[in-house]
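Text of query_33.tsv (TSV, N, CA and C atoms) as supplied:
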chain	number	residue	atom	x	y	z
A	1	MET	N	-22.91	-5.07	16.89
A	1	MET	CA	-21.59	-5.47	16.44
A	1	MET	C	-20.90	-6.19	17.60
A	2	SER	N	-20.29	-7.30	17.28
A	2	SER	CA	-19.60	-8.07	18.32
A	2	SER	C	-18.19	-7.54	18.51
A	3	PHE	N	-17.62	-7.91	19.63
A	3	PHE	CA	-16.25	-7.52	19.93
A	3	PHE	C	-15.29	-8.15	18.93
A	4	THR	N	-15.59	-9.37	18.51
A	4	THR	CA	-14.76	-10.05	17.51
A	4	THR	C	-14.77	-9.28	16.19
A	5	ALA	N	-15.92	-8.80	15.77
A	5	ALA	CA	-16.02	-8.03	14.53
A	5	ALA	C	-15.20	-6.75	14.64
A	6	LEU	N	-15.24	-6.11	15.79
A	6	LEU	CA	-14.45	-4.90	16.00
A	6	LEU	C	-12.96	-5.20	15.87
A	7	LEU	N	-12.51	-6.28	16.49
A	7	LEU	CA	-11.10	-6.66	16.40
A	7	LEU	C	-10.71	-7.03	14.98
A	8	GLN	N	-11.62	-7.67	14.25
A	8	GLN	CA	-11.34	-7.99	12.84
A	8	GLN	C	-11.19	-6.72	12.02
A	9	GLY	N	-12.02	-5.74	12.28
A	9	GLY	CA	-11.91	-4.47	11.57
A	9	GLY	C	-10.59	-3.77	11.86
A	10	ILE	N	-10.17	-3.79	13.11
A	10	ILE	CA	-8.89	-3.18	13.48
A	10	ILE	C	-7.75	-3.93	12.81
A	11	ALA	N	-7.85	-5.26	12.74
A	11	ALA	CA	-6.81	-6.06	12.09
A	11	ALA	C	-6.69	-5.72	10.61
A	12	VAL	N	-7.81	-5.51	9.94
A	12	VAL	CA	-7.78	-5.16	8.52
A	12	VAL	C	-7.11	-3.79	8.33
A	13	VAL	N	-7.45	-2.84	9.19
A	13	VAL	CA	-6.84	-1.51	9.09
A	13	VAL	C	-5.34	-1.60	9.30
A	14	LEU	N	-4.89	-2.36	10.29
A	14	LEU	CA	-3.46	-2.51	10.53
A	14	LEU	C	-2.77	-3.19	9.36
A	15	ALA	N	-3.41	-4.20	8.76
A	15	ALA	CA	-2.82	-4.88	7.62
A	15	ALA	C	-2.68	-3.94	6.43
A	16	LEU	N	-3.71	-3.15	6.15
A	16	LEU	CA	-3.65	-2.21	5.02
A	16	LEU	C	-2.60	-1.13	5.25
A	17	GLU	N	-2.52	-0.64	6.47
A	17	GLU	CA	-1.51	0.38	6.77
A	17	GLU	C	-0.11	-0.21	6.66
A	18	GLY	N	0.06	-1.42	7.15
A	18	GLY	CA	1.36	-2.08	7.04
A	18	GLY	C	1.77	-2.29	5.59
A	19	LEU	N	0.81	-2.69	4.75
A	19	LEU	CA	1.10	-2.85	3.32
A	19	LEU	C	1.51	-1.54	2.68
A	20	ALA	N	0.84	-0.46	3.07
A	20	ALA	CA	1.18	0.85	2.50
A	20	ALA	C	2.62	1.22	2.83
A	21	TYR	N	3.05	0.98	4.08
A	21	TYR	CA	4.43	1.28	4.46
A	21	TYR	C	5.42	0.35	3.77
A	22	ALA	N	5.03	-0.92	3.56
A	22	ALA	CA	5.93	-1.88	2.91
A	22	ALA	C	6.08	-1.60	1.42
A	23	ILE	N	4.99	-1.19	0.77
A	23	ILE	CA	5.00	-0.98	-0.68
A	23	ILE	C	5.56	0.38	-1.05
A	24	ALA	N	5.20	1.42	-0.30
A	24	ALA	CA	5.61	2.78	-0.66
A	24	ALA	C	6.04	3.59	0.56
A	25	PRO	N	7.18	3.24	1.14
A	25	PRO	CA	7.62	3.95	2.35
A	25	PRO	C	7.91	5.44	2.11
A	26	GLY	N	8.42	5.78	0.95
A	26	GLY	CA	8.71	7.18	0.65
A	26	GLY	C	7.44	8.01	0.59
A	27	PHE	N	6.43	7.47	-0.05
A	27	PHE	CA	5.14	8.16	-0.14
A	27	PHE	C	4.55	8.35	1.26
A	28	MET	N	4.62	7.31	2.07
A	28	MET	CA	4.05	7.41	3.43
A	28	MET	C	4.80	8.45	4.25
A	29	ARG	N	6.10	8.53	4.09
A	29	ARG	CA	6.89	9.54	4.81
A	29	ARG	C	6.48	10.94	4.39
A	30	ARG	N	6.31	11.15	3.09
A	30	ARG	CA	5.88	12.47	2.60
A	30	ARG	C	4.46	12.79	3.06
A	31	ALA	N	3.59	11.78	3.07
A	31	ALA	CA	2.21	12.00	3.52
A	31	ALA	C	2.18	12.41	4.99
A	32	LEU	N	2.98	11.74	5.81
A	32	LEU	CA	3.02	12.09	7.23
A	32	LEU	C	3.61	13.48	7.45
A	33	ALA	N	4.62	13.85	6.66
A	33	ALA	CA	5.18	15.19	6.77
A	33	ALA	C	4.14	16.23	6.38
A	34	SER	N	3.35	15.93	5.37
A	34	SER	CA	2.29	16.84	4.94
A	34	SER	C	1.23	16.99	6.04
A	35	LEU	N	0.90	15.88	6.69
A	35	LEU	CA	-0.08	15.94	7.79
A	35	LEU	C	0.44	16.79	8.95
A	36	ALA	N	1.73	16.67	9.23
A	36	ALA	CA	2.31	17.43	10.35
A	36	ALA	C	2.22	18.93	10.10
A	37	GLU	N	2.22	19.34	8.84
A	37	GLU	CA	2.17	20.77	8.50
A	37	GLU	C	0.75	21.29	8.29
A	38	ALA	N	-0.23	20.40	8.23
A	38	ALA	CA	-1.61	20.81	7.96
A	38	ALA	C	-2.22	21.50	9.18
A	39	PRO	N	-3.07	22.49	8.96
A	39	PRO	CA	-3.73	23.15	10.09
A	39	PRO	C	-4.71	22.19	10.79
A	40	GLU	N	-4.92	22.44	12.07
A	40	GLU	CA	-5.79	21.58	12.87
A	40	GLU	C	-7.20	21.49	12.31
A	41	SER	N	-7.71	22.59	11.79
A	41	SER	CA	-9.08	22.56	11.25
A	41	SER	C	-9.20	21.59	10.08
A	42	ARG	N	-8.17	21.53	9.27
A	42	ARG	CA	-8.19	20.60	8.12
A	42	ARG	C	-8.11	19.16	8.60
A	43	LEU	N	-7.26	18.89	9.59
A	43	LEU	CA	-7.16	17.55	10.15
A	43	LEU	C	-8.47	17.13	10.80
A	44	ARG	N	-9.08	18.06	11.53
A	44	ARG	CA	-10.34	17.76	12.20
A	44	ARG	C	-11.43	17.43	11.18
A	45	LEU	N	-11.52	18.22	10.12
A	45	LEU	CA	-12.52	17.96	9.08
A	45	LEU	C	-12.26	16.61	8.40
A	46	GLY	N	-11.02	16.33	8.09
A	46	GLY	CA	-10.68	15.04	7.49
A	46	GLY	C	-11.02	13.88	8.41
A	47	GLY	N	-10.76	14.04	9.69
A	47	GLY	CA	-11.10	13.00	10.66
A	47	GLY	C	-12.60	12.77	10.76
A	48	LEU	N	-13.36	13.86	10.76
A	48	LEU	CA	-14.82	13.73	10.83
A	48	LEU	C	-15.38	13.07	9.58
A	49	ILE	N	-14.84	13.41	8.43
A	49	ILE	CA	-15.29	12.79	7.18
A	49	ILE	C	-14.94	11.30	7.18
A	50	ALA	N	-13.73	10.95	7.61
A	50	ALA	CA	-13.34	9.54	7.66
A	50	ALA	C	-14.20	8.77	8.64
A	51	ALA	N	-14.48	9.35	9.81
A	51	ALA	CA	-15.31	8.68	10.80
A	51	ALA	C	-16.73	8.46	10.28
A	52	ALA	N	-17.29	9.49	9.66
A	52	ALA	CA	-18.64	9.37	9.11
A	52	ALA	C	-18.68	8.32	7.99
A	53	GLY	N	-17.67	8.31	7.15
A	53	GLY	CA	-17.60	7.32	6.08
A	53	GLY	C	-17.47	5.91	6.64
A	54	GLY	N	-16.67	5.73	7.66
A	54	GLY	CA	-16.51	4.42	8.27
A	54	GLY	C	-17.78	3.93	8.94
A	55	ILE	N	-18.46	4.83	9.64
A	55	ILE	CA	-19.72	4.47	10.28
A	55	ILE	C	-20.77	4.13	9.23
A	56	GLY	N	-20.83	4.92	8.17
A	56	GLY	CA	-21.78	4.66	7.09
A	56	GLY	C	-21.50	3.32	6.42
A	57	LEU	N	-20.25	3.03	6.15
A	57	LEU	CA	-19.90	1.77	5.53
A	57	LEU	C	-20.24	0.58	6.44
A	58	ALA	N	-19.93	0.71	7.72
A	58	ALA	CA	-20.26	-0.36	8.67
A	58	ALA	C	-21.77	-0.58	8.72
A	59	TRP	N	-22.53	0.49	8.69
A	59	TRP	CA	-23.99	0.38	8.72
A	59	TRP	C	-24.51	-0.32	7.47
A	60	LEU	N	-23.97	0.07	6.30
A	60	LEU	CA	-24.38	-0.57	5.05
A	60	LEU	C	-24.02	-2.05	5.02
A	61	LEU	N	-22.84	-2.38	5.51
A	61	LEU	CA	-22.43	-3.79	5.53
A	61	LEU	C	-23.31	-4.61	6.47
A	62	LYS	N	-23.75	-4.00	7.53
A	62	LYS	CA	-24.62	-4.72	8.47
A	62	LYS	C	-25.99	-4.99	7.84
A	63	LEU	N	-26.45	-4.10	6.95
A	63	LEU	CA	-27.74	-4.30	6.28
A	63	LEU	C	-27.70	-5.48	5.31
A	64	PHE	N	-26.55	-5.71	4.70
A	64	PHE	CA	-26.45	-6.76	3.67
A	64	PHE	C	-25.66	-7.88	4.18
Mind turning the file's structure into C-alpha coordinates?
Amino acid sequence: MSFTALLQGIAVVLALEGLAYAIAPGFMRRALASLAEAPESRLRLGGLIAAAGGIGLAWLLKLF
(Lines of atoms letter the chains of each structure in order from A and count residues from 1; the text may use other names and numbers.)
(Lines give C-alpha, C1' and ligand atoms only; values in the text may rest on other atoms or scores of the structure.)
Protein backbone atom coordinates (compact mmCIF):
# COMPACT_ATOMS: atom_id res chain seq x y z
CA MET A 1 0.00 0.00 0.00
CA SER A 2 1.35 3.39 -0.93
CA PHE A 3 1.43 6.41 1.31
CA THR A 4 -0.94 8.16 -1.11
CA ALA A 5 -3.48 5.35 -0.76
CA LEU A 6 -3.27 5.63 3.02
CA LEU A 7 -3.92 9.38 2.86
CA GLN A 8 -6.83 8.80 0.47
CA GLY A 9 -8.34 6.34 2.93
CA ILE A 10 -8.00 8.83 5.79
CA ALA A 11 -9.59 11.52 3.60
CA VAL A 12 -12.61 9.29 2.90
CA VAL A 13 -13.05 8.56 6.62
CA LEU A 14 -12.89 12.27 7.46
CA ALA A 15 -15.40 13.10 4.70
CA LEU A 16 -17.86 10.44 5.89
CA GLU A 17 -17.53 11.54 9.51
CA GLY A 18 -18.01 15.17 8.52
CA LEU A 19 -21.14 14.27 6.57
CA ALA A 20 -22.53 12.40 9.56
CA TYR A 21 -22.09 15.49 11.77
CA ALA A 22 -23.56 17.78 9.08
CA ILE A 23 -26.59 15.59 8.38
CA ALA A 24 -27.44 14.36 11.89
CA PRO A 25 -25.67 16.36 14.61
CA GLY A 26 -28.17 15.32 17.30
CA PHE A 27 -27.66 11.64 16.58
CA MET A 28 -23.88 12.06 16.65
CA ARG A 29 -24.08 13.86 20.00
CA ARG A 30 -26.17 11.04 21.48
CA ALA A 31 -23.83 8.42 20.00
CA LEU A 32 -20.80 10.09 21.56
CA ALA A 33 -22.56 10.36 24.92
CA SER A 34 -23.37 6.65 24.70
CA LEU A 35 -19.72 5.86 23.94
CA ALA A 36 -18.57 7.90 26.94
CA GLU A 37 -20.74 5.73 29.21
CA ALA A 38 -19.77 2.37 27.67
CA PRO A 39 -17.40 0.10 29.60
CA GLU A 40 -13.82 -0.14 28.34
CA SER A 41 -14.16 -3.81 27.46
CA ARG A 42 -17.03 -3.03 25.09
CA LEU A 43 -15.09 -0.19 23.45
CA ARG A 44 -12.03 -2.40 23.10
CA LEU A 45 -14.04 -5.20 21.47
CA GLY A 46 -15.73 -2.74 19.12
CA GLY A 47 -12.35 -1.27 18.18
CA LEU A 48 -10.87 -4.70 17.49
CA ILE A 49 -13.84 -5.67 15.34
CA ALA A 50 -13.63 -2.40 13.38
CA ALA A 51 -9.87 -2.79 12.89
CA ALA A 52 -10.23 -6.39 11.72
CA GLY A 53 -13.04 -5.41 9.35
CA GLY A 54 -11.00 -2.54 7.93
CA ILE A 55 -7.95 -4.72 7.41
CA GLY A 56 -10.07 -7.42 5.81
CA LEU A 57 -11.74 -4.94 3.48
CA ALA A 58 -8.40 -3.39 2.48
CA TRP A 59 -7.03 -6.86 1.76
CA LEU A 60 -10.06 -7.78 -0.37
CA LEU A 61 -9.84 -4.51 -2.30
CA LYS A 62 -6.18 -5.12 -3.00
CA LEU A 63 -7.02 -8.55 -4.49
CA PHE A 64 -9.48 -7.06 -6.98
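From CA of Leu60 (chain A) back to CA of Ile10 (chain A), the distance works out to 17.8 Å.
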Two-atom distance - CA of Gly47 (chain A), atom N of Leu63 (chain A) (Å): 23.3 Å
So the first atom is atom N of Ala38 (chain A) and the second is CA of Ala52 (chain A); what is the distance between them in Å, to one decimal place?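 According to the coordinates, atom N of Ala38 (chain A) and CA of Ala52 (chain A) are separated by 21.5 Å.
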